[in-house]
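Data from final14.cif: mmCIF, C-alpha atoms, pLDDT in the B column; chains and numbers go by the auth columns
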data_data
#
loop_
_atom_site.group_PDB
_atom_site.id
_atom_site.type_symbol
_atom_site.label_atom_id
_atom_site.label_comp_id
_atom_site.label_asym_id
_atom_site.label_seq_id
_atom_site.Cartn_x
_atom_site.Cartn_y
_atom_site.Cartn_z
_atom_site.B_iso_or_equiv
_atom_site.auth_seq_id
_atom_site.auth_asym_id
ATOM 1 C CA MET A 1 25.879 46.121 -309.966 57.00 35 N
ATOM 2 C CA ALA A 2 26.900 43.016 -308.042 61.00 36 N
ATOM 3 C CA VAL A 3 26.047 43.059 -304.335 61.00 37 N
ATOM 4 C CA ILE A 4 28.647 41.493 -302.030 61.00 38 N
ATOM 5 C CA HIS A 5 26.883 39.464 -299.317 63.00 39 N
ATOM 6 C CA ARG A 6 28.578 38.957 -295.946 67.00 40 N
ATOM 7 C CA THR A 7 27.441 35.383 -295.470 72.00 41 N
ATOM 8 C CA THR A 8 28.511 31.742 -295.602 79.00 42 N
ATOM 9 C CA MET A 9 29.008 29.178 -298.339 86.00 43 N
ATOM 10 C CA ASN A 10 28.880 25.449 -297.631 89.00 44 N
ATOM 11 C CA PRO A 11 31.185 24.018 -298.815 95.00 45 N
ATOM 12 C CA THR A 12 33.411 27.086 -298.895 95.00 46 N
ATOM 13 C CA LYS A 13 35.063 28.282 -302.071 95.00 47 N
ATOM 14 C CA LEU A 14 38.453 27.079 -300.895 96.00 48 N
ATOM 15 C CA GLU A 15 37.042 23.638 -300.130 96.00 49 N
ATOM 16 C CA LEU A 16 35.600 23.457 -303.654 97.00 50 N
ATOM 17 C CA PHE A 17 38.885 24.564 -305.203 97.00 51 N
ATOM 18 C CA ALA A 18 40.947 22.103 -303.159 97.00 52 N
ATOM 19 C CA ALA A 19 38.929 19.229 -304.641 96.00 53 N
ATOM 20 C CA TRP A 20 38.904 20.621 -308.215 97.00 54 N
ATOM 21 C CA LEU A 21 42.384 22.071 -308.744 97.00 55 N
ATOM 22 C CA PRO A 22 44.328 18.758 -308.816 96.00 56 N
ATOM 23 C CA SER A 23 42.216 17.688 -311.813 96.00 57 N
ATOM 24 C CA ARG A 24 43.500 20.588 -313.953 97.00 58 N
ATOM 25 C CA PRO A 25 46.416 19.993 -316.345 97.00 59 N
ATOM 26 C CA TRP A 26 48.059 23.276 -315.273 97.00 60 N
ATOM 27 C CA TYR A 27 48.007 22.423 -311.558 97.00 61 N
ATOM 28 C CA VAL A 28 51.487 22.070 -310.051 96.00 62 N
ATOM 29 C CA ALA A 29 51.240 18.780 -308.159 94.00 63 N
ATOM 30 C CA THR A 30 52.965 18.604 -304.776 94.00 64 N
ATOM 31 C CA GLY A 31 52.081 15.043 -303.754 92.00 65 N
ATOM 32 C CA ARG A 32 49.867 16.416 -301.004 94.00 66 N
ATOM 33 C CA ALA A 33 46.370 17.869 -300.796 95.00 67 N
ATOM 34 C CA PRO A 34 46.235 21.585 -301.640 96.00 68 N
ATOM 35 C CA GLU A 35 46.554 24.007 -298.728 97.00 69 N
ATOM 36 C CA LEU A 36 44.808 27.064 -300.112 97.00 70 N
ATOM 37 C CA ALA A 37 44.582 30.680 -298.993 96.00 71 N
ATOM 38 C CA ARG A 38 42.911 33.646 -300.650 96.00 72 N
ATOM 39 C CA ALA A 39 45.431 36.006 -302.224 97.00 73 N
ATOM 40 C CA GLY A 40 43.390 38.629 -304.106 96.00 74 N
ATOM 41 C CA GLY A 41 41.411 39.196 -307.259 97.00 75 N
ATOM 42 C CA PHE A 42 38.649 41.402 -308.635 97.00 76 N
ATOM 43 C CA ARG A 43 35.126 41.233 -310.032 97.00 77 N
ATOM 44 C CA LEU A 44 33.188 42.294 -313.100 97.00 78 N
ATOM 45 C CA ASP A 45 29.485 43.117 -313.174 96.00 79 N
ATOM 46 C CA ASP A 46 26.981 41.157 -315.251 96.00 80 N
ATOM 47 C CA PRO A 47 24.741 43.850 -316.838 94.00 81 N
ATOM 48 C CA GLN A 48 21.768 41.497 -316.424 94.00 82 N
ATOM 49 C CA GLY A 49 22.485 41.008 -312.714 91.00 83 N
ATOM 50 C CA GLU A 50 22.140 37.231 -312.958 93.00 84 N
ATOM 51 C CA VAL A 51 25.684 35.846 -312.900 96.00 85 N
ATOM 52 C CA GLY A 52 28.412 36.521 -310.357 95.00 86 N
ATOM 53 C CA ILE A 53 31.791 37.069 -312.038 97.00 87 N
ATOM 54 C CA GLU A 54 35.019 36.849 -310.084 97.00 88 N
ATOM 55 C CA PHE A 55 38.702 36.585 -310.979 98.00 89 N
ATOM 56 C CA MET A 56 40.172 35.043 -307.838 98.00 90 N
ATOM 57 C CA VAL A 57 43.744 34.338 -306.815 98.00 91 N
ATOM 58 C CA VAL A 58 44.449 31.484 -304.414 97.00 92 N
ATOM 59 C CA THR A 59 47.841 30.379 -303.147 97.00 93 N
ATOM 60 C CA ASP A 60 48.690 26.727 -302.556 97.00 94 N
ATOM 61 C CA GLY A 61 51.208 26.295 -299.768 93.00 95 N
ATOM 62 C CA SER A 62 51.332 22.497 -299.763 92.00 96 N
ATOM 63 C CA GLY A 63 54.654 22.223 -301.611 85.00 97 N
ATOM 64 C CA ASP A 64 58.188 23.404 -301.032 87.00 98 N
ATOM 65 C CA GLY A 65 57.374 26.700 -302.758 88.00 99 N
ATOM 66 C CA ALA A 66 53.940 28.353 -302.700 93.00 100 N
ATOM 67 C CA VAL A 67 52.124 28.695 -306.043 95.00 101 N
ATOM 68 C CA SER A 68 49.530 31.389 -306.815 96.00 102 N
ATOM 69 C CA TYR A 69 46.690 30.416 -309.175 97.00 103 N
ATOM 70 C CA HIS A 70 44.348 32.651 -311.169 98.00 104 N
ATOM 71 C CA LEU A 71 40.784 31.300 -311.222 98.00 105 N
ATOM 72 C CA PRO A 72 38.155 33.052 -313.399 98.00 106 N
ATOM 73 C CA LEU A 73 34.829 32.011 -311.849 98.00 107 N
ATOM 74 C CA THR A 74 31.111 32.404 -312.355 97.00 108 N
ATOM 75 C CA TYR A 75 28.368 31.818 -309.801 96.00 109 N
ATOM 76 C CA ARG A 76 24.943 30.844 -311.124 97.00 110 N
ATOM 77 C CA GLY A 77 21.544 30.016 -309.684 95.00 111 N
ATOM 78 C CA ALA A 78 21.052 27.118 -312.127 96.00 112 N
ATOM 79 C CA PRO A 79 23.299 24.867 -314.251 96.00 113 N
ATOM 80 C CA LEU A 80 24.899 26.416 -317.329 96.00 114 N
ATOM 81 C CA ASP A 81 23.420 24.806 -320.437 93.00 115 N
ATOM 82 C CA GLY A 82 26.023 23.299 -322.746 89.00 116 N
ATOM 83 C CA ALA A 83 28.954 23.604 -320.359 91.00 117 N
ATOM 84 C CA PRO A 84 31.415 20.676 -320.422 91.00 118 N
ATOM 85 C CA ALA A 85 31.298 18.508 -317.325 90.00 119 N
ATOM 86 C CA ASP A 86 34.768 19.501 -316.129 90.00 120 N
ATOM 87 C CA ALA A 87 33.864 23.208 -316.257 95.00 121 N
ATOM 88 C CA LEU A 88 31.783 22.770 -313.103 97.00 122 N
ATOM 89 C CA VAL A 89 33.946 23.439 -310.059 97.00 123 N
ATOM 90 C CA GLY A 90 31.099 22.339 -307.768 96.00 124 N
ATOM 91 C CA THR A 91 27.927 23.462 -306.038 96.00 125 N
ATOM 92 C CA SER A 92 27.554 25.258 -302.739 95.00 126 N
ATOM 93 C CA GLU A 93 24.795 26.536 -300.479 92.00 127 N
ATOM 94 C CA HIS A 94 24.996 30.320 -300.231 81.00 128 N
ATOM 95 C CA GLY A 95 23.592 31.792 -297.021 76.00 129 N
ATOM 96 C CA VAL A 96 21.508 34.385 -298.898 75.00 130 N
ATOM 97 C CA LEU A 97 21.128 33.176 -302.490 76.00 131 N
ATOM 98 C CA GLY A 98 20.677 29.448 -301.912 78.00 132 N
ATOM 99 C CA LYS A 99 22.248 26.805 -304.098 94.00 133 N
ATOM 100 C CA ARG A 100 24.932 28.136 -306.435 95.00 134 N
ATOM 101 C CA TRP A 101 26.658 26.422 -309.342 96.00 135 N
ATOM 102 C CA VAL A 102 30.313 27.480 -309.483 97.00 136 N
ATOM 103 C CA TYR A 103 31.984 27.302 -312.906 98.00 137 N
ATOM 104 C CA ASP A 104 35.433 27.703 -314.387 98.00 138 N
ATOM 105 C CA GLY A 105 34.376 30.957 -315.989 97.00 139 N
ATOM 106 C CA ILE A 106 36.391 30.740 -319.190 97.00 140 N
ATOM 107 C CA HIS A 107 33.688 28.248 -320.284 96.00 141 N
ATOM 108 C CA ASP A 108 30.896 30.707 -319.384 96.00 142 N
ATOM 109 C CA PRO A 109 29.844 33.092 -322.185 96.00 143 N
ATOM 110 C CA VAL A 110 28.810 35.779 -319.682 97.00 144 N
ATOM 111 C CA LEU A 111 32.297 35.976 -318.166 97.00 145 N
ATOM 112 C CA VAL A 112 33.961 35.805 -321.573 97.00 146 N
ATOM 113 C CA GLU A 113 31.848 38.682 -322.919 97.00 147 N
ATOM 114 C CA ARG A 114 32.661 40.818 -319.869 98.00 148 N
ATOM 115 C CA LEU A 115 36.346 39.931 -320.102 98.00 149 N
ATOM 116 C CA LEU A 116 36.454 41.092 -323.721 97.00 150 N
ATOM 117 C CA ALA A 117 34.654 44.268 -322.621 97.00 151 N
ATOM 118 C CA LEU A 118 37.370 44.835 -320.007 98.00 152 N
ATOM 119 C CA LEU A 119 40.087 44.409 -322.638 97.00 153 N
ATOM 120 C CA GLU A 120 38.277 46.910 -324.869 96.00 154 N
ATOM 121 C CA GLY A 121 37.747 49.448 -322.080 95.00 155 N
ATOM 122 C CA ARG A 122 33.965 48.947 -321.893 96.00 156 N
ATOM 123 C CA ALA A 123 33.834 47.304 -318.442 97.00 157 N
ATOM 124 C CA GLU A 124 35.086 48.653 -315.130 97.00 158 N
ATOM 125 C CA PRO A 125 36.797 46.215 -312.756 97.00 159 N
ATOM 126 C CA GLN A 126 35.306 46.108 -309.275 96.00 160 N
ATOM 127 C CA ALA A 127 36.831 45.416 -305.871 94.00 161 N
ATOM 128 C CA GLN A 128 36.617 41.784 -304.889 89.00 162 N
ATOM 129 C CA SER A 129 34.945 42.255 -301.498 80.00 163 N
ATOM 130 C CA GLU A 130 33.205 45.664 -301.661 84.00 164 N
ATOM 131 C CA THR A 131 29.925 46.599 -303.360 80.00 165 N
ATOM 132 C CA ASP A 132 30.131 49.303 -306.054 80.00 166 N
ATOM 133 C CA MET A 133 33.836 49.994 -305.504 91.00 167 N
ATOM 134 C CA PRO A 134 35.998 50.273 -308.645 94.00 168 N
ATOM 135 C CA ASP A 135 39.401 48.588 -308.505 96.00 169 N
ATOM 136 C CA ARG A 136 41.799 51.043 -310.142 95.00 170 N
ATOM 137 C CA SER A 137 44.731 48.652 -309.805 96.00 171 N
ATOM 138 C CA VAL A 138 43.327 46.409 -312.563 98.00 172 N
ATOM 139 C CA THR A 139 44.118 47.470 -316.119 97.00 173 N
ATOM 140 C CA GLY A 140 42.926 46.137 -319.453 97.00 174 N
ATOM 141 C CA ARG A 141 43.916 47.045 -322.994 96.00 175 N
ATOM 142 C CA PHE A 142 43.547 45.748 -326.529 96.00 176 N
ATOM 143 C CA ASP A 143 45.299 47.084 -329.628 93.00 177 N
ATOM 144 C CA GLY A 144 42.429 46.982 -332.092 88.00 178 N
ATOM 145 C CA ASP A 145 38.771 47.867 -332.643 85.00 179 N
ATOM 146 C CA GLY A 146 37.205 44.930 -330.804 91.00 180 N
ATOM 147 C CA LEU A 147 37.124 41.213 -330.151 95.00 181 N
ATOM 148 C CA THR A 148 34.688 38.365 -330.576 94.00 182 N
ATOM 149 C CA ALA A 149 35.012 34.911 -329.030 94.00 183 N
ATOM 150 C CA ALA A 150 34.608 31.532 -330.652 89.00 184 N
ATOM 151 C CA ALA A 151 31.966 29.207 -329.216 83.00 185 N
ATOM 152 C CA GLY A 152 31.328 25.488 -329.133 80.00 186 N
ATOM 153 C CA PRO A 153 33.504 22.410 -328.677 77.00 187 N
ATOM 154 C CA GLY A 154 37.205 23.067 -329.098 83.00 188 N
ATOM 155 C CA ALA A 155 37.018 26.815 -328.526 93.00 189 N
ATOM 156 C CA VAL A 156 38.618 26.446 -325.083 96.00 190 N
ATOM 157 C CA THR A 157 41.785 24.410 -324.558 95.00 191 N
ATOM 158 C CA ASP A 158 43.215 23.514 -321.148 95.00 192 N
ATOM 159 C CA GLY A 159 46.882 22.617 -321.182 96.00 193 N
ATOM 160 C CA ARG A 160 49.946 22.368 -318.999 95.00 194 N
ATOM 161 C CA HIS A 161 50.760 26.052 -319.479 93.00 195 N
ATOM 162 C CA GLY A 162 47.257 27.471 -318.927 97.00 196 N
ATOM 163 C CA THR A 163 43.956 27.889 -320.733 98.00 197 N
ATOM 164 C CA GLU A 164 43.440 29.273 -324.235 97.00 198 N
ATOM 165 C CA LEU A 165 40.316 30.628 -325.929 97.00 199 N
ATOM 166 C CA GLU A 166 39.940 31.242 -329.646 96.00 200 N
ATOM 167 C CA VAL A 167 39.063 34.876 -330.402 96.00 201 N
ATOM 168 C CA ARG A 168 39.223 37.112 -333.452 94.00 202 N
ATOM 169 C CA THR A 169 39.117 40.799 -334.224 93.00 203 N
ATOM 170 C CA ALA A 170 35.583 42.135 -334.682 86.00 204 N
ATOM 171 C CA GLY A 171 33.961 42.414 -338.072 76.00 205 N
ATOM 172 C CA ASP A 172 33.733 40.219 -341.146 67.00 206 N
ATOM 173 C CA GLY A 173 36.938 38.341 -341.881 75.00 207 N
ATOM 174 C CA GLY A 174 38.427 39.189 -338.507 87.00 208 N
ATOM 175 C CA THR A 175 41.970 38.128 -337.676 91.00 209 N
ATOM 176 C CA PRO A 176 42.194 34.959 -335.546 94.00 210 N
ATOM 177 C CA LEU A 177 43.912 35.521 -332.187 96.00 211 N
ATOM 178 C CA THR A 178 44.436 33.570 -328.975 96.00 212 N
ATOM 179 C CA LEU A 179 43.281 34.730 -325.562 97.00 213 N
ATOM 180 C CA ALA A 180 45.599 33.039 -323.075 97.00 214 N
ATOM 181 C CA VAL A 181 44.481 32.834 -319.443 98.00 215 N
ATOM 182 C CA THR A 182 47.445 32.743 -317.065 97.00 216 N
ATOM 183 C CA ARG A 183 46.795 30.101 -314.415 98.00 217 N
ATOM 184 C CA VAL A 184 50.107 30.045 -312.527 97.00 218 N
ATOM 185 C CA LEU A 185 50.816 33.705 -311.836 96.00 219 N
ATOM 186 C CA GLN A 186 54.255 35.260 -312.181 93.00 220 N
ATOM 187 C CA ASP A 187 55.354 38.649 -310.871 92.00 221 N
ATOM 188 C CA THR A 188 56.460 39.806 -314.328 90.00 222 N
ATOM 189 C CA ASP A 189 55.213 41.954 -317.175 85.00 223 N
ATOM 190 C CA GLY A 190 53.344 40.283 -319.998 85.00 224 N
ATOM 191 C CA PRO A 191 55.022 39.712 -323.369 89.00 225 N
ATOM 192 C CA ALA A 192 56.062 42.908 -325.119 87.00 226 N
ATOM 193 C CA ASP A 193 54.386 41.861 -328.387 89.00 227 N
ATOM 194 C CA ALA A 194 50.972 41.071 -326.846 95.00 228 N
ATOM 195 C CA ARG A 195 47.970 42.528 -328.682 95.00 229 N
ATOM 196 C CA GLY A 196 46.277 43.056 -325.339 96.00 230 N
ATOM 197 C CA GLN A 197 46.297 42.028 -321.708 97.00 231 N
ATOM 198 C CA VAL A 198 44.635 42.331 -318.313 98.00 232 N
ATOM 199 C CA THR A 199 47.050 43.088 -315.478 97.00 233 N
ATOM 200 C CA ALA A 200 46.243 42.895 -311.766 97.00 234 N
ATOM 201 C CA GLU A 201 47.792 42.466 -308.326 97.00 235 N
ATOM 202 C CA TRP A 202 47.725 39.758 -305.694 97.00 236 N
ATOM 203 C CA GLN A 203 49.313 39.083 -302.323 94.00 237 N
ATOM 204 C CA SER A 204 52.488 37.086 -302.751 87.00 238 N
ATOM 205 C CA PRO A 205 53.344 34.293 -300.298 79.00 239 N
ATOM 206 C CA ASP A 206 56.050 36.431 -298.661 79.00 240 N
ATOM 207 C CA GLY A 207 53.483 39.075 -297.727 82.00 241 N
ATOM 208 C CA GLY A 208 54.402 41.489 -300.512 88.00 242 N
ATOM 209 C CA ARG A 209 52.428 42.362 -303.623 93.00 243 N
ATOM 210 C CA GLY A 210 52.782 40.591 -306.933 94.00 244 N
ATOM 211 C CA ARG A 211 51.625 42.063 -310.231 97.00 245 N
ATOM 212 C CA GLY A 212 51.395 40.367 -313.577 96.00 246 N
ATOM 213 C CA ALA A 213 49.305 39.455 -316.603 97.00 247 N
ATOM 214 C CA PHE A 214 46.109 37.547 -315.782 98.00 248 N
ATOM 215 C CA VAL A 215 45.126 37.383 -319.472 98.00 249 N
ATOM 216 C CA VAL A 216 47.140 37.936 -322.665 97.00 250 N
ATOM 217 C CA VAL A 217 45.829 38.331 -326.227 97.00 251 N
ATOM 218 C CA ARG A 218 48.436 37.247 -328.742 95.00 252 N
ATOM 219 C CA GLU A 219 48.892 36.629 -332.433 92.00 253 N
ATOM 220 C CA ASN A 220 48.528 33.020 -333.523 90.00 254 N
ATOM 221 C CA GLU A 221 51.769 31.267 -334.347 78.00 255 N
ATOM 222 C CA GLY A 222 52.447 30.483 -337.968 61.00 256 N
#
Encoding of this model in structure tokens:
Amino acid sequence: MAVIHRTTMNPTKLELFAAWLPSRPWYVATGRAPELARAGGFRLDDPQGEVGIEFMVVTDGSGDGAVSYHLPLTYRGAPLDGAPADALVGTSEHGVLGKRWVYDGIHDPVLVERLLALLEGRAEPQAQSETDMPDRSVTGRFDGDGLTAAAGPGAVTDGRHGTELEVRTAGDGGTPLTLAVTRVLQDTDGPADARGQVTAEWQSPDGGRGRGAFVVVRENEG
């Protein structure tokens, strides 16, 4: 069970994200520095209790229209071996835990394993800011027996429309699928033909609540 500490981080998460986001191919450039605000999210527990796992939503208000981003994140007490250089969002001094390495979590095998567990109904989403508090608003489903993720170079692809991870159905000769991480959130249902998805809420820029697909599992084209 992850314990939520009421403490400081220096630099703050939003300061780290403001420096990192413009480097991502899916970032919607505004010609100005990001003006970020927290807008929601949820957590998953690492069964080993070593890695913090958070799915955060931040809204950038620097442009003519605010944009809400989905950021899967991991927080570690040491560098992640084998992670590509651009997977590191940055480092920060945590008021209780000391130095933390903050990663784009889709490159972190601990987050990926827990995300697949959520899709399969084996992991319970937790409130973002409360210890041991399930978040019933988050739903996950997968139409199949299970999923496994590819590993190594090329397994994760960052593009203009989001981030994709190669996965396949469990077992020998499993069917190749794509796990698509939504980066720019839309207040719409996921595709009707999706094999699976994680759906959650966030605070929209107008003060209302948005709800949409944070992750979609789909059949490969062709």
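With all atoms listed in the file as the atoms that count, the minimum distance from N:Ser102 to the choices N:Leu213, N:Ala157, N:Leu78, N:Val218 is reached by N:Val218.
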Expanded to explicit residues, what is the PyMOL selection byres ((chain N and resi 237) around 9) for this file, as a list in words? Arg72, Ala73, Gly74, Val91, Thr93, Ser102, Glu235, Trp236, Ser238, Pro239, Asp240, Gly241, Gly242, Arg243, Gly244 and Arg245 of chain N
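Using the PyMOL selection byres ((chain N and resi 83) around 12) on this structure selects N:Met35, N:Ala36, N:Val37, N:Leu78, N:Asp79, N:Asp80, N:Pro81, N:Gln82, N:Glu84, N:Val85, N:Gly86, N:Ile87, N:Tyr109, N:Arg110, N:Gly111, N:Val144.
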Provide an axis-aligned box for all listed atoms of stretch 201-214 of chain N, padding each side by 8 Å; report its centre and its edge lengths in Å to one decimal, as JSON.
{"center_x": 39.7, "center_y": 37.7, "center_z": -332.5, "size_x": 27.9, "size_y": 25.4, "size_z": 34.8}
Sorted by chain and rising residue number, which residues of stretch 71-167 of chain N lie within 12 Å of stretch 189-193 of chain N, and what are their closest atom pairs and distances in Å to one decimal, counting all atoms listed in the file, as a tab-separated table?
residue	atom	partner	partner_atom	distance
N:Ala117	CA	N:Val190	CA	11.1
N:Pro118	CA	N:Val190	CA	10.3
N:Asp120	CA	N:Asp192	CA	10.6
N:Ala121	CA	N:Val190	CA	10.5
N:Asp138	CA	N:Asp192	CA	11.1
N:Gly139	CA	N:Val190	CA	11.0
N:Ile140	CA	N:Val190	CA	7.6
N:His141	CA	N:Val190	CA	7.1
N:Asp142	CA	N:Val190	CA	10.5
N:Pro143	CA	N:Val190	CA	11.4
N:Val146	CA	N:Val190	CA	11.0
Only C-alpha atoms, please: the residues just picked out, written as an mmCIF file, in the coordinates of the input.
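out_9.cif, freshly written:
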data_model
loop_
_atom_site.group_PDB
_atom_site.id
_atom_site.type_symbol
_atom_site.label_atom_id
_atom_site.label_comp_id
_atom_site.auth_asym_id
_atom_site.auth_seq_id
_atom_site.Cartn_x
_atom_site.Cartn_y
_atom_site.Cartn_z
ATOM 1 C CA ALA N 117 28.954 23.604 -320.359
ATOM 2 C CA PRO N 118 31.415 20.676 -320.422
ATOM 3 C CA ASP N 120 34.768 19.501 -316.129
ATOM 4 C CA ALA N 121 33.864 23.208 -316.257
ATOM 5 C CA ASP N 138 35.433 27.703 -314.387
ATOM 6 C CA GLY N 139 34.376 30.957 -315.989
ATOM 7 C CA ILE N 140 36.391 30.740 -319.190
ATOM 8 C CA HIS N 141 33.688 28.248 -320.284
ATOM 9 C CA ASP N 142 30.896 30.707 -319.384
ATOM 10 C CA PRO N 143 29.844 33.092 -322.185
ATOM 11 C CA VAL N 146 33.961 35.805 -321.573
#
Give as JSON, numbers by chain the residues that the PyMOL selection byres ((chain N and resi 48) around 12) matches when applied to the coordinates above.
{"N": [43, 44, 45, 46, 47, 49, 50, 51, 52, 53, 54, 55, 68, 69, 70, 71, 72, 73, 90, 91, 92, 93, 94, 105, 123, 124, 126, 136]}
| request: Within 9 Å of N:Gly230, counting all atoms listed in the file, which residues show up once you throw out same-chain ones fewer than 3 positions away? Write them as a PyMOL selection string, please. | output: chain N and resi 153-154+174-178+213+227+249-252
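Atom CA of N:Ala228 to atom CA of N:Gly207 spans 20.7 Å [interatomic distance, one decimal].
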task: Would you kindly return, as a list in words, each protein, DNA or RNA residue with an atom no farther than 6 Å from any atom of stretch 56-60 of chain N, considering only C-alpha atoms and excluding same-chain residues fewer than 6 positions away?
output: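 The residues satisfying every condition are Gly193, Arg194, His195 and Gly196 of chain N.
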- [ ] Mind giving me the straight-line distance from atom CA of N:Leu107 to atom CA of N:Gly246 in Å, one decimal?
- [x]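 Computing the Euclidean distance for atom CA of N:Leu107 and atom CA of N:Gly246 yields 18.6 Å.
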Using only C-alpha atoms, the residue out of N:Thr197, N:Thr209, N:Thr173, N:Thr41 with shortest distance to N:Ala234 is N:Thr173
Q. Nearest to N:Val232: which of N:Pro159, N:Gly116, N:Asp169, N:Phe248 is it, counting only C-alpha atoms?
A.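 Using only C-alpha atoms, the shortest distance to N:Val232 belongs to N:Phe248.
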Using all atoms listed in the file, the shortest atom-to-atom distance to N:Thr212 among N:Asp98, N:Asp166, N:Glu253, N:Asp179 belongs to N:Glu253
Using all atoms listed in the file, the shortest atom-to-atom distance to N:Thr233 among N:Ala100, N:Ala183, N:Ala247, N:Leu199 belongs to N:Ala247
Taking the block just given, write stretch 204-254 of chain N to a file that holds C-alpha atoms, as a tab-separated table (two decimals), in the first residue's frame.
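What ended up in out.tsv:
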chain	number	residue	atom	x	y	z
N	204	ALA	CA	-1.08	-14.18	-22.78
N	205	GLY	CA	0.15	-17.64	-23.62
N	206	ASP	CA	2.23	-19.17	-26.38
N	207	GLY	CA	1.53	-17.66	-29.79
N	208	GLY	CA	-0.43	-14.78	-28.31
N	209	THR	CA	-2.11	-12.26	-30.59
N	210	PRO	CA	-0.15	-9.01	-31.05
N	211	LEU	CA	-2.06	-5.93	-29.87
N	212	THR	CA	-1.30	-2.26	-29.26
N	213	LEU	CA	-1.72	-0.51	-25.93
N	214	ALA	CA	-2.29	3.15	-26.77
N	215	VAL	CA	-1.76	5.72	-24.01
N	216	THR	CA	-3.92	8.80	-24.53
N	217	ARG	CA	-1.81	11.89	-23.86
N	218	VAL	CA	-4.18	14.70	-24.87
N	219	LEU	CA	-7.42	13.84	-23.09
N	220	GLN	CA	-10.83	14.16	-24.70
N	221	ASP	CA	-14.19	14.07	-22.94
N	222	THR	CA	-15.43	11.20	-25.11
N	223	ASP	CA	-15.88	7.45	-24.94
N	224	GLY	CA	-13.12	5.25	-26.26
N	225	PRO	CA	-13.48	3.46	-29.60
N	226	ALA	CA	-16.35	0.99	-29.71
N	227	ASP	CA	-14.13	-1.78	-31.10
N	228	ALA	CA	-11.41	-1.50	-28.42
N	229	ARG	CA	-10.28	-4.80	-26.88
N	230	GLY	CA	-9.87	-3.02	-23.56
N	231	GLN	CA	-9.50	0.36	-21.94
N	232	VAL	CA	-8.95	2.30	-18.72
N	233	THR	CA	-11.41	5.14	-18.19
N	234	ALA	CA	-11.11	7.89	-15.58
N	235	GLU	CA	-12.18	11.43	-14.74
N	236	TRP	CA	-10.41	14.76	-14.48
N	237	GLN	CA	-11.32	18.38	-13.83
N	238	SER	CA	-11.94	20.18	-17.09
N	239	PRO	CA	-10.71	23.76	-17.56
N	240	ASP	CA	-14.26	25.12	-17.25
N	241	GLY	CA	-14.58	23.66	-13.75
N	242	GLY	CA	-16.69	20.67	-14.78
N	243	ARG	CA	-15.69	17.02	-14.94
N	244	GLY	CA	-14.29	15.33	-18.01
N	245	ARG	CA	-14.26	11.57	-18.50
N	246	GLY	CA	-12.52	9.59	-21.18
N	247	ALA	CA	-10.14	6.79	-22.10
N	248	PHE	CA	-6.68	7.10	-20.53
N	249	VAL	CA	-5.53	3.84	-22.18
N	250	VAL	CA	-6.96	1.81	-25.07
N	251	VAL	CA	-6.01	-1.72	-26.15
N	252	ARG	CA	-6.71	-2.23	-29.84
N	253	GLU	CA	-6.19	-4.72	-32.62
N	254	ASN	CA	-3.18	-4.06	-34.83
